[in-house]
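Structure file model14.json (JSON, C-alpha atoms) follows.
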```json
[["chain", "number", "residue", "atom", "x", "y", "z"],
["A", 1, "MET", "CA", 112.02, 186.72, 115.72],
["A", 2, "LEU", "CA", 109.21, 186.83, 118.29],
["A", 3, "VAL", "CA", 106.38, 189.36, 118.14],
["A", 4, "ARG", "CA", 103.34, 190.21, 120.26],
["A", 5, "LEU", "CA", 100.10, 191.39, 118.67],
["A", 6, "VAL", "CA", 96.98, 192.63, 120.49],
["A", 7, "TYR", "CA", 93.68, 193.18, 118.71],
["A", 8, "VAL", "CA", 90.03, 193.77, 119.54],
["A", 9, "SER", "CA", 86.91, 192.62, 117.73],
["A", 10, "ARG", "CA", 83.16, 192.24, 118.21],
["A", 11, "SER", "CA", 81.28, 188.96, 118.22],
["A", 12, "VAL", "CA", 78.76, 188.60, 115.39],
["A", 13, "LEU", "CA", 76.77, 185.88, 117.13],
["A", 14, "ALA", "CA", 74.20, 186.49, 119.83],
["A", 15, "ALA", "CA", 75.31, 183.27, 121.53],
["A", 16, "GLU", "CA", 78.66, 184.65, 122.74],
["A", 17, "VAL", "CA", 79.51, 181.56, 124.82],
["A", 18, "ALA", "CA", 79.18, 179.22, 121.83],
["A", 19, "ASN", "CA", 81.17, 181.63, 119.67],
["A", 20, "THR", "CA", 83.90, 181.93, 122.29],
["A", 21, "GLU", "CA", 84.13, 178.15, 122.72],
["A", 22, "SER", "CA", 84.43, 177.76, 118.96],
["A", 23, "ILE", "CA", 87.24, 180.34, 118.81],
["A", 24, "LEU", "CA", 89.07, 178.77, 121.76],
["A", 25, "ALA", "CA", 88.82, 175.26, 120.30],
["A", 26, "SER", "CA", 90.21, 176.31, 116.93],
["A", 27, "SER", "CA", 92.89, 178.46, 118.60],
["A", 28, "LYS", "CA", 94.16, 175.62, 120.76],
["A", 29, "ALA", "CA", 94.24, 173.20, 117.83],
["A", 30, "HIS", "CA", 96.01, 175.59, 115.46],
["A", 31, "ASN", "CA", 98.22, 177.66, 117.74],
["A", 32, "ALA", "CA", 100.25, 174.92, 119.38],
["A", 33, "ALA", "CA", 101.33, 173.56, 116.01],
["A", 34, "GLN", "CA", 102.37, 177.07, 114.91],
["A", 35, "GLY", "CA", 104.18, 177.94, 118.15],
["A", 36, "ILE", "CA", 101.67, 180.68, 118.94],
["A", 37, "THR", "CA", 100.70, 181.44, 122.53],
["A", 38, "GLY", "CA", 98.34, 184.03, 123.96],
["A", 39, "ILE", "CA", 95.15, 184.88, 125.79],
["A", 40, "LEU", "CA", 91.58, 185.72, 124.81],
["A", 41, "CYS", "CA", 89.42, 188.01, 126.93],
["A", 42, "HIS", "CA", 85.72, 188.03, 126.16],
["A", 43, "GLY", "CA", 82.62, 189.67, 127.52],
["A", 44, "GLY", "CA", 79.81, 191.92, 126.43],
["A", 45, "GLY", "CA", 80.26, 190.92, 122.81],
["A", 46, "ILE", "CA", 83.91, 192.05, 122.79],
["A", 47, "PHE", "CA", 87.02, 189.96, 122.18],
["A", 48, "LEU", "CA", 90.43, 191.23, 123.27],
["A", 49, "GLN", "CA", 93.21, 188.89, 122.23],
["A", 50, "ALA", "CA", 96.99, 188.86, 122.60],
["A", 51, "LEU", "CA", 99.04, 186.59, 120.35],
["A", 52, "GLU", "CA", 102.76, 185.80, 120.60],
["A", 53, "GLY", "CA", 105.04, 183.80, 118.39],
["A", 54, "GLY", "CA", 107.16, 184.01, 115.28],
["A", 55, "ARG", "CA", 106.55, 187.09, 113.14],
["A", 56, "VAL", "CA", 105.51, 185.10, 110.07],
["A", 57, "GLN", "CA", 103.15, 182.84, 112.04],
["A", 58, "VAL", "CA", 101.50, 185.64, 114.04],
["A", 59, "ASN", "CA", 101.07, 187.84, 110.97],
["A", 60, "ALA", "CA", 99.54, 184.94, 109.02],
["A", 61, "LEU", "CA", 97.14, 184.18, 111.87],
["A", 62, "TYR", "CA", 96.10, 187.83, 112.15],
["A", 63, "ALA", "CA", 95.40, 187.91, 108.40],
["A", 64, "GLN", "CA", 93.11, 184.88, 108.89],
["A", 65, "LEU", "CA", 91.41, 186.46, 111.91],
["A", 66, "ILE", "CA", 90.50, 189.57, 109.95],
["A", 67, "LYS", "CA", 88.54, 187.33, 107.56],
["A", 68, "ASP", "CA", 86.99, 185.12, 110.29],
["A", 69, "PRO", "CA", 83.17, 185.38, 110.03],
["A", 70, "ARG", "CA", 82.70, 184.84, 113.79],
["A", 71, "HIS", "CA", 83.70, 188.43, 114.52],
["A", 72, "THR", "CA", 83.78, 191.90, 113.00],
["A", 73, "ASP", "CA", 85.33, 195.33, 113.58],
["A", 74, "VAL", "CA", 88.81, 193.81, 113.99],
["A", 75, "VAL", "CA", 91.25, 196.53, 115.07],
["A", 76, "LEU", "CA", 94.98, 196.14, 115.69],
["A", 77, "LEU", "CA", 95.77, 197.74, 119.07],
["A", 78, "HIS", "CA", 99.41, 196.83, 119.64],
["A", 79, "TYR", "CA", 102.28, 195.17, 117.75],
["A", 80, "GLU", "CA", 105.86, 194.82, 118.91],
["A", 81, "GLU", "CA", 108.97, 192.72, 118.55],
["A", 82, "ILE", "CA", 109.68, 190.96, 121.85],
["A", 83, "LYS", "CA", 112.63, 189.24, 123.51],
["A", 84, "GLU", "CA", 110.51, 186.75, 125.41],
["A", 85, "ARG", "CA", 106.92, 185.61, 125.68],
["A", 86, "ARG", "CA", 104.61, 186.69, 128.48],
["A", 87, "TYR", "CA", 101.95, 184.04, 127.78],
["A", 88, "SER", "CA", 104.16, 181.01, 127.10],
["A", 89, "GLY", "CA", 102.07, 178.79, 129.38],
["A", 90, "TRP", "CA", 98.92, 179.15, 127.30],
["A", 91, "SER", "CA", 98.22, 177.87, 123.80],
["A", 92, "MET", "CA", 95.21, 180.12, 124.35],
["A", 93, "GLY", "CA", 94.32, 181.14, 127.89],
["A", 94, "GLN", "CA", 90.97, 182.80, 128.44],
["A", 95, "VAL", "CA", 89.39, 185.42, 130.66],
["A", 96, "ASN", "CA", 85.63, 185.81, 130.98],
["A", 97, "LEU", "CA", 85.34, 189.51, 131.71],
["A", 98, "ALA", "CA", 81.81, 189.05, 133.04],
["A", 99, "LYS", "CA", 83.30, 187.15, 136.00],
["A", 100, "LEU", "CA", 85.89, 189.80, 136.88],
["A", 101, "ASN", "CA", 85.52, 192.33, 139.64],
["A", 102, "ALA", "CA", 84.47, 195.50, 137.83],
["A", 103, "SER", "CA", 87.15, 197.45, 139.69],
["A", 104, "VAL", "CA", 89.86, 195.66, 137.69],
["A", 105, "VAL", "CA", 88.43, 196.87, 134.39],
["A", 106, "LEU", "CA", 87.58, 200.29, 135.84],
["A", 107, "LYS", "CA", 91.23, 200.75, 136.75],
["A", 108, "TYR", "CA", 92.00, 200.96, 133.01],
["A", 109, "SER", "CA", 88.75, 202.30, 131.61],
["A", 110, "GLU", "CA", 86.29, 205.18, 131.88],
["A", 111, "THR", "CA", 83.50, 202.71, 132.71],
["A", 112, "PRO", "CA", 83.36, 199.27, 134.36],
["A", 113, "GLN", "CA", 82.58, 197.72, 130.94],
["A", 114, "LEU", "CA", 85.59, 196.82, 128.86],
["A", 115, "ASP", "CA", 85.85, 198.88, 125.68],
["A", 116, "PRO", "CA", 89.30, 198.36, 124.13],
["A", 117, "TYR", "CA", 88.21, 200.55, 121.21],
["A", 118, "ALA", "CA", 88.26, 203.53, 123.61],
["A", 119, "VAL", "CA", 91.72, 203.00, 125.14],
["A", 120, "SER", "CA", 95.25, 202.71, 123.82],
["A", 121, "GLY", "CA", 96.89, 199.44, 122.93],
["A", 122, "ASP", "CA", 99.31, 199.98, 125.81],
["A", 123, "VAL", "CA", 96.40, 200.23, 128.25],
["A", 124, "SER", "CA", 94.90, 197.02, 126.88],
["A", 125, "LEU", "CA", 98.27, 195.27, 127.20],
["A", 126, "THR", "CA", 98.61, 196.51, 130.80],
["A", 127, "LEU", "CA", 95.14, 195.15, 131.61],
["A", 128, "LEU", "CA", 96.17, 191.76, 130.18],
["A", 129, "GLU", "CA", 99.31, 191.87, 132.34],
["A", 130, "GLU", "CA", 97.22, 192.45, 135.46],
["A", 131, "LEU", "CA", 94.86, 189.63, 134.56],
["A", 132, "MET", "CA", 97.84, 187.33, 134.21],
["A", 133, "ALA", "CA", 99.38, 188.51, 137.50],
["A", 134, "THR", "CA", 96.12, 188.03, 139.38],
["A", 135, "ALA", "CA", 95.59, 184.53, 137.99],
["A", 136, "ALA", "CA", 92.39, 185.53, 136.21],
["A", 137, "ILE", "CA", 93.45, 183.54, 133.13],
["A", 138, "MET", "CA", 92.07, 180.01, 132.72],
["A", 139, "GLY", "CA", 93.03, 177.23, 130.36],
["A", 140, "ARG", "CA", 96.74, 176.72, 131.02],
["A", 141, "SER", "CA", 98.13, 174.33, 128.43]]
```
Would it be possible to restate this file's structure as structure tokens?
Amino acid sequence: MLVRLVYVSRSVLAAEVANTESILASSKAHNAAQGITGILCHGGGIFLQALEGGRVQVNALYAQLIKDPRHTDVVLLHYEEIKERRYSGWSMGQVNLAKLNASVVLKYSETPQLDPYAVSGDVSLTLLEELMATAAIMGRS
């Protein structure tokens, strides 16, 4: 059974780029072997990540992520059983929110800065859908 999980967290390191690269490298190495696909949005010290795959694998990964010392304030925003993947082309695609037109984020937020803690999981998922549709995601596997 396939599931999709979306969570948000805050970076604990001041060097967000190095932290993000570390997360992406470990995601790509681990996720492909586990059949997990997804995307990682980052910017302003915030990570917004969608994961898809088998229920057991995604749940196990989320349990590891909660304990990962590279981030804090991990909050589950959305979890659902799915019929098909939306991010099947990415072992872990990425979006640097600092490079997006602020109007894209503002469409789904009260301010032009992404704050997934202040919106519903459905809104965060819809933002991810738009980023995918507008080809804002990099790192196709």
| said: One number please: CA of Asn59 in chain A to CA of Leu5 in chain A, in Å, one decimal. | reply: 8.5 Å
Find the residues around Leu128 in chain A up to 12 Å (all atoms listed in the file counted), leave out those fewer than 5 positions away in its own chain, and share them as a short mmCIF file (atom, residue, chain, number, x, y, z; two decimals) with C-alpha atoms, in the coordinates of the input.
```
data_model
loop_
_atom_site.label_atom_id
_atom_site.label_comp_id
_atom_site.auth_asym_id
_atom_site.auth_seq_id
_atom_site.Cartn_x
_atom_site.Cartn_y
_atom_site.Cartn_z
CA VAL A 6 96.98 192.63 120.49
CA TYR A 7 93.68 193.18 118.71
CA GLY A 38 98.34 184.03 123.96
CA ILE A 39 95.15 184.88 125.79
CA LEU A 40 91.58 185.72 124.81
CA CYS A 41 89.42 188.01 126.93
CA HIS A 42 85.72 188.03 126.16
CA LEU A 48 90.43 191.23 123.27
CA GLN A 49 93.21 188.89 122.23
CA ALA A 50 96.99 188.86 122.60
CA LEU A 51 99.04 186.59 120.35
CA ARG A 86 104.61 186.69 128.48
CA TYR A 87 101.95 184.04 127.78
CA GLY A 93 94.32 181.14 127.89
CA GLN A 94 90.97 182.80 128.44
CA VAL A 95 89.39 185.42 130.66
CA LEU A 97 85.34 189.51 131.71
CA VAL A 104 89.86 195.66 137.69
CA VAL A 105 88.43 196.87 134.39
CA TYR A 108 92.00 200.96 133.01
CA LEU A 114 85.59 196.82 128.86
CA PRO A 116 89.30 198.36 124.13
CA GLY A 121 96.89 199.44 122.93
CA ASP A 122 99.31 199.98 125.81
CA VAL A 123 96.40 200.23 128.25
CA ALA A 133 99.38 188.51 137.50
CA THR A 134 96.12 188.03 139.38
CA ALA A 135 95.59 184.53 137.99
CA ALA A 136 92.39 185.53 136.21
CA ILE A 137 93.45 183.54 133.13
#
```
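You can rank A:Gln64, A:Thr37, A:Ser109, A:Thr72 by their closest distance to Ser124 in chain A using only C-alpha atoms, and at the top of that list sits A:Ser109.
The nearest approach to Lys99 in chain A among the residues A:Leu131, A:Ile82, A:Leu65, A:Ala33, with all atoms listed in the file taken into account, belongs to A:Leu131.
Interatomic distance, CA of Arg10 in chain A against CA of Gly45 in chain A: 5.6 Å.
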| request: May I have the residues within 12 Å of Val56 in chain A as a PyMOL selection string, using only C-alpha atoms and disregarding those fewer than 2 positions away in the same chain? | output: chain A and resi 1-5+34-36+52-54+58-63+81
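Counting from CA of Leu13 in chain A, the distance to CA of Asn96 in chain A is 16.4 Å.
Comparing the minimum interatomic distances between Pro69 in chain A and each of A:Leu106, A:Val12, A:Ala32, A:Ala98, counting only C-alpha atoms, we find that A:Val12 sits nearest.
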Reconstruct N, CA and C atoms of range 49-60 of chain A; output as a compact mmCIF listing (two decimals), keeping the file's coordinate frame.
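Okay, this is what ended up in rebuild_32.txt:
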```
# COMPACT_ATOMS: atom_id res chain seq x y z
N GLN A 49 92.31 190.03 122.33
CA GLN A 49 93.21 188.89 122.23
C GLN A 49 94.65 189.34 122.05
N ALA A 50 95.55 188.67 122.77
CA ALA A 50 96.99 188.86 122.60
C ALA A 50 97.56 187.58 122.01
N LEU A 51 98.39 187.73 121.01
CA LEU A 51 99.04 186.59 120.35
C LEU A 51 100.55 186.81 120.39
N GLU A 52 101.30 185.74 120.62
CA GLU A 52 102.76 185.80 120.60
C GLU A 52 103.30 184.64 119.79
N GLY A 53 104.40 184.87 119.14
CA GLY A 53 105.04 183.80 118.39
C GLY A 53 105.95 184.39 117.32
N GLY A 54 106.33 183.55 116.38
CA GLY A 54 107.16 184.01 115.28
C GLY A 54 106.42 185.04 114.44
N ARG A 55 107.17 185.99 113.91
CA ARG A 55 106.55 187.09 113.14
C ARG A 55 105.71 186.55 111.99
N VAL A 56 106.24 185.63 111.23
CA VAL A 56 105.51 185.10 110.07
C VAL A 56 104.23 184.41 110.52
N GLN A 57 104.31 183.59 111.56
CA GLN A 57 103.15 182.84 112.04
C GLN A 57 102.08 183.76 112.62
N VAL A 58 102.47 184.73 113.44
CA VAL A 58 101.50 185.64 114.04
C VAL A 58 100.85 186.52 112.98
N ASN A 59 101.64 187.01 112.04
CA ASN A 59 101.07 187.84 110.97
C ASN A 59 100.10 187.04 110.11
N ALA A 60 100.43 185.79 109.81
CA ALA A 60 99.54 184.94 109.02
C ALA A 60 98.24 184.67 109.77
```
